[in-house]
$ cat coords-v9.cif   # mmCIF, C-alpha atoms
data_data
#
loop_
_atom_site.label_atom_id
_atom_site.label_comp_id
_atom_site.auth_asym_id
_atom_site.auth_seq_id
_atom_site.Cartn_x
_atom_site.Cartn_y
_atom_site.Cartn_z
CA MET A 1 90.13 107.04 122.29
CA LEU A 2 90.51 109.81 119.71
CA ASN A 3 88.30 112.03 121.91
CA TYR A 4 90.83 111.85 124.75
CA ILE A 5 93.89 112.21 122.52
CA TRP A 6 92.40 115.21 120.73
CA MET A 7 91.41 116.93 123.96
CA GLY A 8 94.76 115.99 125.52
CA LEU A 9 96.83 117.46 122.68
CA MET A 10 95.05 120.82 122.94
CA ALA A 11 94.96 120.93 126.75
CA ILE A 12 98.66 120.07 127.00
CA ALA A 13 99.44 122.67 124.32
CA VAL A 14 97.71 125.47 126.23
CA ILE A 15 99.07 124.50 129.67
CA VAL A 16 102.65 123.94 128.47
CA GLY A 17 102.43 127.01 126.26
CA ALA A 18 101.47 129.10 129.29
CA PHE A 19 104.54 127.88 131.19
CA THR A 20 107.00 128.22 128.32
CA GLY A 21 105.60 131.60 127.28
CA ARG A 22 104.69 130.29 123.84
CA LEU A 23 100.94 130.93 123.95
CA PRO A 24 101.07 133.40 121.04
CA GLU A 25 102.72 130.70 118.89
CA VAL A 26 100.13 128.15 120.00
CA THR A 27 97.28 130.46 118.97
CA GLU A 28 98.92 131.26 115.66
CA ALA A 29 99.47 127.56 114.94
CA ALA A 30 95.76 126.88 115.52
CA PHE A 31 94.70 129.41 112.88
CA ASN A 32 97.43 128.49 110.40
CA MET A 33 96.59 124.81 110.62
CA ALA A 34 92.86 125.46 110.21
CA ALA A 35 93.64 127.27 106.97
CA LEU A 36 96.05 124.50 105.89
CA GLY A 37 93.29 121.91 106.28
CA VAL A 38 91.22 123.71 103.66
CA THR A 39 94.20 124.14 101.32
CA ILE A 40 94.96 120.43 101.42
CA ALA A 41 91.33 119.53 100.70
CA LEU A 42 91.04 122.02 97.81
CA ASP A 43 94.29 120.73 96.26
CA LEU A 44 92.78 117.27 96.37
CA ILE A 45 89.63 118.11 94.36
CA GLY A 46 91.12 117.89 90.86
CA ILE A 47 93.26 114.81 91.48
CA MET A 48 90.33 113.15 93.20
CA ALA A 49 88.04 113.87 90.23
CA LEU A 50 90.64 112.50 87.80
CA TRP A 51 91.04 109.22 89.68
CA LEU A 52 87.34 108.74 90.39
CA GLY A 53 86.69 109.16 86.66
CA MET A 54 89.44 106.71 85.73
CA MET A 55 88.30 104.23 88.36
CA ARG A 56 84.77 104.30 86.97
CA LEU A 57 86.16 103.36 83.56
CA ALA A 58 88.30 100.65 85.16
CA GLU A 59 85.21 99.25 86.86
CA LYS A 60 83.14 99.31 83.67
CA ALA A 61 86.00 97.64 81.79
CA GLY A 62 86.14 94.88 84.39
CA VAL A 63 89.71 95.71 85.46
CA ILE A 64 88.84 96.17 89.14
CA ARG A 65 87.01 92.85 89.31
CA TRP A 66 89.95 91.13 87.63
CA LEU A 67 92.39 92.63 90.13
CA ALA A 68 90.13 91.56 92.98
CA TRP A 69 90.07 88.02 91.61
CA LEU A 70 93.88 87.99 91.41
CA ILE A 71 94.45 88.60 95.12
CA ARG A 72 91.33 86.87 96.41
CA PRO A 73 93.27 84.24 98.43
CA ILE A 74 95.07 86.87 100.54
CA MET A 75 92.17 89.28 100.85
CA LYS A 76 89.73 86.57 101.96
CA ARG A 77 91.87 86.01 105.04
CA LEU A 78 92.55 89.69 105.73
CA PHE A 79 89.03 90.96 105.05
CA PRO A 80 86.61 88.09 105.73
CA GLU A 81 83.64 90.50 105.90
CA ILE A 82 84.00 91.56 102.26
CA PRO A 83 82.46 89.44 99.49
CA SER A 84 85.40 88.27 97.36
CA ASP A 85 84.11 89.83 94.14
CA HIS A 86 83.37 93.22 95.70
CA PRO A 87 85.04 96.21 93.95
CA ALA A 88 86.51 97.34 97.30
CA ILE A 89 89.07 94.55 97.00
CA GLY A 90 90.33 95.80 93.63
CA SER A 91 90.42 99.43 94.80
CA MET A 92 92.35 98.49 97.93
CA LEU A 93 94.92 96.59 95.86
CA MET A 94 95.39 99.62 93.59
CA ASN A 95 95.76 101.96 96.57
CA ILE A 96 98.30 99.71 98.27
CA SER A 97 100.35 99.23 95.09
CA ALA A 98 100.36 102.99 94.44
CA SER A 99 101.46 103.83 97.98
CA TRP A 100 104.20 101.17 97.99
CA LEU A 101 105.52 102.64 94.73
CA GLY A 102 105.49 106.09 96.29
CA LEU A 103 102.83 107.45 93.90
CA GLY A 104 101.32 109.89 96.38
CA ASN A 105 99.04 111.60 93.86
CA ALA A 106 97.40 108.28 93.04
CA ALA A 107 97.51 106.54 96.41
CA THR A 108 95.27 108.93 98.36
CA PRO A 109 92.43 109.20 95.78
CA LEU A 110 92.49 105.41 95.25
CA GLY A 111 92.47 104.87 99.01
CA LEU A 112 89.49 107.18 99.44
CA LYS A 113 87.67 105.32 96.66
CA ALA A 114 88.33 102.03 98.46
CA MET A 115 87.19 103.54 101.75
CA GLU A 116 83.93 104.62 100.12
CA GLU A 117 83.33 101.10 98.84
CA LEU A 118 84.05 99.68 102.30
CA GLN A 119 81.54 102.20 103.65
CA GLU A 120 78.82 100.65 101.46
CA LEU A 121 79.28 97.42 103.43
CA ASN A 122 79.45 99.20 106.77
CA PRO A 123 76.11 98.90 108.60
CA GLU A 124 76.91 101.69 111.10
CA LYS A 125 77.84 104.69 108.96
CA GLU A 126 79.55 106.83 111.60
CA THR A 127 81.50 103.97 113.20
CA ALA A 128 84.51 102.34 111.55
CA SER A 129 84.06 98.68 110.57
CA ASN A 130 86.78 96.08 111.19
CA SER A 131 87.67 96.14 107.49
CA GLN A 132 87.97 99.91 107.46
CA VAL A 133 90.26 99.94 110.50
CA LEU A 134 92.47 97.23 109.00
CA PHE A 135 92.67 99.02 105.67
CA LEU A 136 93.55 102.27 107.45
CA ALA A 137 96.19 100.53 109.56
CA ILE A 138 97.87 99.13 106.42
CA ASN A 139 97.89 102.67 105.03
CA THR A 140 99.30 104.32 108.16
CA ALA A 141 102.18 101.82 108.19
CA SER A 142 102.65 101.76 104.41
CA ILE A 143 105.69 99.98 102.99
CA THR A 144 108.05 102.40 101.23
CA LEU A 145 110.01 100.75 98.42
CA VAL A 146 111.92 103.86 97.33
CA PRO A 147 111.92 106.71 99.86
CA THR A 148 112.49 109.42 97.24
CA THR A 149 111.98 112.40 99.57
CA ILE A 150 114.55 111.30 102.09
CA ILE A 151 117.04 110.30 99.37
CA ALA A 152 116.82 113.85 98.01
CA VAL A 153 117.40 115.29 101.50
CA ARG A 154 120.39 112.98 101.98
CA ILE A 155 121.92 114.11 98.69
CA ALA A 156 121.39 117.74 99.72
CA ALA A 157 123.07 117.01 103.07
CA GLY A 158 126.16 115.75 101.22
CA SER A 159 125.72 112.01 101.74
CA ALA A 160 128.32 109.78 100.05
CA ALA A 161 125.79 106.92 99.89
CA PRO A 162 122.27 108.40 99.79
CA LEU A 163 120.70 105.08 98.75
CA GLU A 164 121.99 102.94 101.60
CA ILE A 165 118.84 103.57 103.64
CA ILE A 166 116.56 101.90 101.05
CA GLY A 167 117.06 98.46 102.57
CA THR A 168 116.62 99.60 106.15
CA THR A 169 113.50 101.58 105.21
CA ILE A 170 111.90 98.58 103.47
CA PHE A 171 112.67 96.44 106.53
CA ALA A 172 111.31 98.98 109.05
CA SER A 173 108.15 99.78 107.06
CA GLY A 174 107.61 96.06 106.37
CA CYS A 175 107.72 95.32 110.10
CA ALA A 176 105.36 98.23 110.76
CA THR A 177 102.90 96.85 108.18
CA VAL A 178 102.92 93.34 109.65
CA VAL A 179 102.39 94.75 113.15
CA ALA A 180 99.63 97.04 111.85
CA ILE A 181 97.72 94.05 110.48
CA LEU A 182 98.21 91.99 113.65
CA ALA A 183 97.26 94.94 115.89
CA ALA A 184 94.13 95.75 113.89
CA LYS A 185 93.03 92.10 114.03
CA LEU A 186 93.84 91.71 117.73
CA TYR A 187 92.40 95.00 119.01
CA ALA A 188 89.15 94.36 117.10
CA ARG A 189 88.43 91.61 119.64
CA LEU A 190 88.96 93.78 122.71
CA PRO A 191 85.67 94.73 124.38
CA TRP A 192 86.89 98.32 124.85
CA PHE A 193 86.98 98.88 121.11
CA ARG A 194 83.77 97.05 120.29
CA ALA A 195 81.25 99.20 118.51
CA ARG A 196 78.40 99.92 120.88
CA GLN A 197 75.86 100.01 118.10
CA LEU A 198 73.68 97.05 117.24
CA GLY A 199 74.69 97.16 113.58
CA GLU A 200 78.32 96.46 114.32
CA GLU A 201 77.37 93.49 116.48
CA VAL A 202 75.56 92.03 113.50
CA ASN A 203 78.64 92.75 111.40
CA ASN A 204 80.93 91.00 113.90
CA GLY A 205 78.56 88.06 114.09
CA ALA A 206 78.53 87.69 110.31
CA ALA A 207 82.35 87.69 110.29
CA MET B 1 120.41 98.42 96.05
CA GLU B 2 121.04 100.53 92.94
CA LEU B 3 119.39 97.90 90.73
CA LEU B 4 116.41 97.55 93.07
CA LYS B 5 115.97 101.30 93.07
CA ASN B 6 116.12 101.47 89.25
CA VAL B 7 113.60 98.67 88.78
CA ILE B 8 111.15 100.18 91.25
CA GLN B 9 111.59 103.65 89.84
CA SER B 10 110.87 102.55 86.29
CA ILE B 11 107.72 100.81 87.52
CA SER B 12 106.79 104.05 89.29
CA VAL B 13 107.31 106.06 86.11
CA TYR B 14 105.32 103.72 83.83
CA ALA B 15 102.52 102.57 86.17
CA ILE B 16 100.20 105.57 85.85
CA PRO B 17 100.68 106.33 82.12
CA LEU B 18 100.10 102.64 81.36
CA PHE B 19 96.94 102.67 83.45
CA PHE B 20 95.73 105.79 81.63
CA LEU B 21 96.47 104.10 78.30
CA LEU B 22 95.05 100.63 78.91
CA VAL B 23 91.92 101.34 80.93
CA PRO B 24 90.16 103.63 78.40
CA ILE B 25 91.11 101.24 75.55
CA LEU B 26 89.74 98.23 77.45
CA ALA B 27 86.62 100.21 78.28
CA ILE B 28 86.07 101.16 74.61
CA VAL B 29 86.49 97.51 73.62
CA LYS B 30 83.71 96.66 76.09
CA ARG B 31 81.56 99.36 74.45
CA VAL B 32 81.65 101.70 77.43
CA LYS B 33 80.97 105.36 76.57
CA VAL B 34 84.31 106.41 78.05
CA TYR B 35 83.94 110.18 78.06
CA GLU B 36 80.48 110.14 79.59
CA GLU B 37 81.39 107.56 82.21
CA PHE B 38 84.60 109.38 83.15
CA VAL B 39 82.71 112.61 83.78
CA GLU B 40 80.06 110.73 85.72
CA GLY B 41 82.70 109.27 88.03
CA ALA B 42 84.71 112.49 88.34
CA LYS B 43 81.61 114.35 89.56
CA ASP B 44 82.13 113.04 93.08
CA GLY B 45 85.69 114.44 93.41
CA PHE B 46 84.50 117.74 94.80
CA LYS B 47 82.12 116.17 97.30
CA VAL B 48 84.74 113.79 98.72
CA ALA B 49 87.43 116.48 99.06
CA ILE B 50 85.09 118.95 100.75
CA ARG B 51 83.79 116.33 103.17
CA ILE B 52 87.32 115.89 104.57
CA ILE B 53 87.72 119.53 105.67
CA PRO B 54 86.22 119.43 109.19
CA TYR B 55 88.11 116.24 110.10
CA LEU B 56 91.37 117.60 108.73
CA VAL B 57 90.97 120.93 110.52
CA ALA B 58 90.25 119.18 113.83
CA ILE B 59 93.36 116.99 113.65
CA LEU B 60 95.75 119.55 112.16
CA VAL B 61 94.80 122.26 114.67
CA ALA B 62 95.29 119.99 117.71
CA ILE B 63 98.66 118.74 116.45
CA GLY B 64 99.76 122.21 115.35
CA MET B 65 99.02 123.66 118.80
CA PHE B 66 100.81 120.76 120.49
CA ARG B 67 103.91 121.26 118.35
CA ALA B 68 103.99 125.02 118.83
CA SER B 69 103.77 124.76 122.62
CA GLY B 70 107.10 122.96 122.98
CA ALA B 71 105.42 120.05 124.80
CA LEU B 72 107.21 117.53 122.59
CA GLU B 73 110.63 118.76 123.74
CA LEU B 74 109.48 118.49 127.36
CA LEU B 75 108.16 114.97 126.83
CA THR B 76 111.38 113.97 125.06
CA GLY B 77 113.36 114.96 128.14
CA TRP B 78 111.28 112.66 130.33
CA ILE B 79 111.37 109.68 128.02
CA ALA B 80 115.06 109.92 127.08
CA PRO B 81 116.34 107.84 130.07
CA LEU B 82 113.98 105.01 129.01
CA THR B 83 114.96 105.05 125.35
CA ASP B 84 118.64 105.18 126.36
CA LEU B 85 118.16 101.67 127.72
CA ILE B 86 117.37 100.26 124.25
CA GLY B 87 120.18 102.23 122.62
CA LEU B 88 118.03 104.79 120.84
CA PRO B 89 120.15 107.94 120.47
CA ALA B 90 118.58 110.80 122.46
CA GLU B 91 119.21 113.20 119.56
CA ALA B 92 116.89 111.19 117.30
CA LEU B 93 114.09 110.84 119.85
CA PRO B 94 112.18 114.02 118.86
CA ALA B 95 112.06 112.84 115.22
CA ALA B 96 110.73 109.44 116.34
CA MET B 97 108.04 111.03 118.53
CA MET B 98 107.05 113.45 115.77
CA ARG B 99 106.55 110.69 113.16
CA PRO B 100 102.87 109.83 113.88
CA LEU B 101 101.95 113.51 114.34
CA SER B 102 103.42 115.32 111.34
CA GLY B 103 105.24 114.29 108.17
CA SER B 104 106.65 117.74 107.38
CA GLY B 105 107.62 118.22 111.04
CA THR B 106 109.54 114.93 111.02
CA LEU B 107 111.25 115.79 107.75
CA GLY B 108 112.39 119.11 109.25
CA LEU B 109 113.86 117.39 112.31
CA VAL B 110 115.53 114.68 110.21
CA THR B 111 117.10 117.26 107.89
CA GLU B 112 118.40 119.15 110.91
CA LEU B 113 119.92 115.97 112.37
CA MET B 114 121.68 115.22 109.08
CA ASN B 115 123.09 118.73 108.83
CA GLN B 116 124.30 118.53 112.42
CA HIS B 117 125.68 114.99 112.59
CA GLY B 118 126.25 114.24 108.89
CA ALA B 119 123.98 112.25 106.58
CA ASP B 120 126.26 109.19 106.81
CA SER B 121 126.56 109.16 110.61
CA PHE B 122 124.60 106.56 112.55
CA ILE B 123 122.12 109.21 113.66
CA GLY B 124 121.75 110.47 110.09
CA ARG B 125 121.05 107.00 108.74
CA PHE B 126 118.72 106.10 111.63
CA ALA B 127 116.76 109.33 111.25
CA SER B 128 116.44 108.73 107.49
CA THR B 129 115.05 105.27 108.17
CA ILE B 130 112.57 106.59 110.74
CA TYR B 131 111.13 108.99 108.19
CA GLY B 132 110.30 106.20 105.73
CA SER B 133 109.25 103.65 108.36
CA THR B 134 105.58 104.68 108.57
CA GLU B 135 103.04 107.22 107.35
CA THR B 136 101.62 110.03 109.48
CA THR B 137 98.96 108.14 111.43
CA PHE B 138 96.76 111.07 112.53
CA TYR B 139 96.74 112.69 109.10
CA VAL B 140 95.86 109.47 107.26
CA LEU B 141 93.10 108.79 109.77
CA ALA B 142 91.56 112.25 109.35
CA VAL B 143 91.62 112.07 105.55
CA TYR B 144 90.49 108.45 105.07
CA PHE B 145 87.78 108.32 107.74
CA GLY B 146 86.77 111.94 107.14
CA SER B 147 86.08 111.22 103.47
CA VAL B 148 83.25 108.83 104.42
CA GLY B 149 82.10 110.69 107.53
CA ILE B 150 83.31 108.21 110.16
CA LYS B 151 83.53 109.82 113.60
CA ARG B 152 83.89 106.80 115.87
CA THR B 153 87.31 105.43 114.96
CA ARG B 154 87.36 102.45 117.40
CA HIS B 155 90.78 100.76 117.47
CA ALA B 156 92.20 102.63 114.47
CA ILE B 157 94.42 105.02 116.45
CA ALA B 158 95.65 102.26 118.76
CA ALA B 159 96.54 100.02 115.80
CA GLY B 160 98.21 102.90 113.93
CA LEU B 161 100.31 103.95 116.91
CA THR B 162 101.30 100.35 117.65
CA ALA B 163 102.52 100.10 114.06
CA ASP B 164 104.42 103.40 114.42
CA LEU B 165 106.16 102.10 117.52
CA ALA B 166 107.00 98.84 115.74
CA GLY B 167 108.36 100.81 112.78
CA ILE B 168 110.69 102.85 114.98
CA LEU B 169 111.92 99.83 116.93
CA ALA B 170 112.46 97.93 113.68
CA ALA B 171 114.36 100.94 112.27
CA LEU B 172 116.58 101.01 115.34
CA PHE B 173 117.20 97.26 115.16
CA ILE B 174 118.06 97.13 111.46
CA CYS B 175 120.25 100.26 111.64
CA ARG B 176 122.21 98.73 114.54
CA VAL B 177 122.69 95.56 112.50
CA MET B 178 123.59 97.29 109.23
CA PHE B 179 125.40 100.41 110.38
CA GLY B 180 126.67 99.41 113.83
#
$ encode --input "coords-v9.cif" --output "structure tokens"
Amino acid sequence: MLNYIWMGLMAIAVIVGAFTGRLPEVTEAAFNMAALGVTIALDLIGIMALWLGMMRLAEKAGVIRWLAWLIRPIMKRLFPEIPSDHPAIGSMLMNISASWLGLGNAATPLGLKAMEELQELNPEKETASNSQVLFLAINTASITLVPTTIIAVRIAAGSAAPLEIIGTTIFASGCATVVAILAAKLYARLPWFRARQLGEEVNNGAA
Amino acid sequence: MELLKNVIQSISVYAIPLFFLLVPILAIVKRVKVYEEFVEGAKDGFKVAIRIIPYLVAILVAIGMFRASGALELLTGWIAPLTDLIGLPAEALPAAMMRPLSGSGTLGLVTELMNQHGADSFIGRFASTIYGSTETTFYVLAVYFGSVGIKRTRHAIAAGLTADLAGILAALFICRVMFG
């Protein structure tokens, strides 16, 4: 699916750009964005190292296992493929808490750590497992408890009540999260999205 | 609302420092060599970040080109009659369509809407809610799957976009209920 979307975005950009006379902007955007991709990754190195170091201590101290044990009842239903004492459970909980609290600098590194632990259980390394897709879906929806960025923009725009969108944001992102979980679970059963590799079949069978 | 915000914000302020305080202490108690183990774990930071680059470049370039071409404005014009039917203001449609593609792009559009219509107008409140309703699906996918080298994403995009759609519809619904 991503193959078609990716090709489609670029093809539409060039064709529409030709008609609207914006081809120079399209070309410039391509180069600027390529450079931005590297900037984002480089900015991540230090924060990533910090959290991976801390998470190793948390693992050795038994904190991650304890967290995993705490939410075992929920996670067993959401992620049946993962053994309930696996560190991925604890890492996922930390990532989700951090992103709900709006701690961007912690959420991404913790999420990547969890993704790596899910990858250990993934038999087909270049194909996403059901657990990985579900975890990603929860992250793309992501409940926002305090939307700090937008509150700041509202204050700058002269809002008399900049906070009044907190409730509506929690509701909207909560709905998105519930739908993300249901969609990930439902689509996993569709033949179109089934992994064509043998390994994934084994994985599905074990689930 | 004010109380909720204060409670959550104090948790946000204390969560990370507390983690940085308690985890090394707990580790020392369990006789872990904290400095050595921290460095051992941190070693992988570089590898993970660098591994993301090709995935990030692929996604950002495609979305950047799409945005620069003006295709989104064209698409908005076609879809507007449909979204009129469910009472979604046409002015806010570009922000809604931009949400899964680009976080900074959406923020720009939302800011513009607030400056034009007022932050406390229905459109201003609706646009604010859209911004916080989901994360940027394509970006999150590139970073998270890229970090472990996953190329075949299966139903991830479909699930993410379904959630984005649900987030926007839920935003519209709750804003109609709360703000009329």
$ resolve_selection --input "coords-v9.cif" --expression "the PyMOL selection byres ((chain B and resi 53) around 10)" --output "mmCIF file with C-alpha atoms, in the frame of the given file"
data_model
loop_
_atom_site.group_PDB
_atom_site.id
_atom_site.type_symbol
_atom_site.label_atom_id
_atom_site.label_comp_id
_atom_site.auth_asym_id
_atom_site.auth_seq_id
_atom_site.Cartn_x
_atom_site.Cartn_y
_atom_site.Cartn_z
ATOM 1 C CA ALA A 34 92.860 125.460 110.210
ATOM 2 C CA ALA A 35 93.640 127.270 106.970
ATOM 3 C CA LEU A 36 96.050 124.500 105.890
ATOM 4 C CA GLY A 37 93.290 121.910 106.280
ATOM 5 C CA VAL A 38 91.220 123.710 103.660
ATOM 6 C CA THR A 39 94.200 124.140 101.320
ATOM 7 C CA ILE A 40 94.960 120.430 101.420
ATOM 8 C CA ALA A 41 91.330 119.530 100.700
ATOM 9 C CA LEU A 42 91.040 122.020 97.810
ATOM 10 C CA VAL B 48 84.740 113.790 98.720
ATOM 11 C CA ALA B 49 87.430 116.480 99.060
ATOM 12 C CA ILE B 50 85.090 118.950 100.750
ATOM 13 C CA ARG B 51 83.790 116.330 103.170
ATOM 14 C CA ILE B 52 87.320 115.890 104.570
ATOM 15 C CA PRO B 54 86.220 119.430 109.190
ATOM 16 C CA TYR B 55 88.110 116.240 110.100
ATOM 17 C CA LEU B 56 91.370 117.600 108.730
ATOM 18 C CA VAL B 57 90.970 120.930 110.520
ATOM 19 C CA ALA B 58 90.250 119.180 113.830
ATOM 20 C CA ALA B 142 91.560 112.250 109.350
ATOM 21 C CA VAL B 143 91.620 112.070 105.550
ATOM 22 C CA GLY B 146 86.770 111.940 107.140
ATOM 23 C CA SER B 147 86.080 111.220 103.470
#
$ closest_residue --input "coords-v9.cif" --among "A:Asn3, A:Asn105, A:Ser131, A:Thr169" --to "chain B" --atoms "all atoms listed in the file"
A:Thr169
$ closest_residue --input "coords-v9.cif" --among "B:Ser121, B:Asn6, B:Ser12, B:Ser102" --to "chain A" --atoms "only C-alpha atoms"
B:Ser12
$ residues_around --input "coords-v9.cif" --residues "Met65 of chain B" --least-positions-apart "5" --cutoff "7 Å" --atoms "all atoms listed in the file" --output "NGL selection string"
:A and (10 or 13 or 26 or 29-30)
$ resolve_selection --input "coords-v9.cif" --expression "the PyMOL selection byres ((chain A and resi 141-143) around 10)" --output "compact mmCIF listing (two decimals) with C-alpha atoms, keeping the file's coordinate frame"
# COMPACT_ATOMS: atom_id res chain seq x y z
CA ILE A 96 98.30 99.71 98.27
CA SER A 97 100.35 99.23 95.09
CA SER A 99 101.46 103.83 97.98
CA TRP A 100 104.20 101.17 97.99
CA LEU A 101 105.52 102.64 94.73
CA GLY A 102 105.49 106.09 96.29
CA LEU A 136 93.55 102.27 107.45
CA ALA A 137 96.19 100.53 109.56
CA ILE A 138 97.87 99.13 106.42
CA ASN A 139 97.89 102.67 105.03
CA THR A 140 99.30 104.32 108.16
CA THR A 144 108.05 102.40 101.23
CA LEU A 145 110.01 100.75 98.42
CA VAL A 146 111.92 103.86 97.33
CA PRO A 147 111.92 106.71 99.86
CA THR A 169 113.50 101.58 105.21
CA ILE A 170 111.90 98.58 103.47
CA PHE A 171 112.67 96.44 106.53
CA ALA A 172 111.31 98.98 109.05
CA SER A 173 108.15 99.78 107.06
CA GLY A 174 107.61 96.06 106.37
CA CYS A 175 107.72 95.32 110.10
CA ALA A 176 105.36 98.23 110.76
CA THR A 177 102.90 96.85 108.18
CA VAL A 178 102.92 93.34 109.65
CA VAL A 179 102.39 94.75 113.15
CA ALA A 180 99.63 97.04 111.85
CA ILE A 181 97.72 94.05 110.48
CA PRO B 100 102.87 109.83 113.88
CA GLY B 132 110.30 106.20 105.73
CA SER B 133 109.25 103.65 108.36
CA THR B 134 105.58 104.68 108.57
CA GLU B 135 103.04 107.22 107.35
CA THR B 136 101.62 110.03 109.48
CA THR B 137 98.96 108.14 111.43
CA VAL B 140 95.86 109.47 107.26
CA ALA B 159 96.54 100.02 115.80
CA GLY B 160 98.21 102.90 113.93
CA LEU B 161 100.31 103.95 116.91
CA THR B 162 101.30 100.35 117.65
CA ALA B 163 102.52 100.10 114.06
CA ASP B 164 104.42 103.40 114.42
CA ALA B 166 107.00 98.84 115.74
CA GLY B 167 108.36 100.81 112.78
$ residues_around --input "coords-v9.cif" --residues "segment 24-26 of chain B" --least-positions-apart "3" --cutoff "12 Å" --atoms "all atoms listed in the file" --output "PyMOL selection string"
(chain A and resi 53-64) or (chain B and resi 17-21+29-38)
$ resolve_selection --input "coords-v9.cif" --expression "the PyMOL selection byres ((chain A and resi 87-89) around 12)" --output "ChimeraX atom specification"
/A:55-56,58-60,62-76,78-86,90-96,110-122,131-132,135
$ closest_residue --input "coords-v9.cif" --among "B:Thr83, B:Ala95, B:Glu2, B:Thr106" --to "chain A" --atoms "all atoms listed in the file"
B:Glu2
$ atom_distance --input "coords-v9.cif" --atom1 "atom CA of Leu186 of chain A" --atom2 "atom CA of Val133 of chain A"
11.5 Å
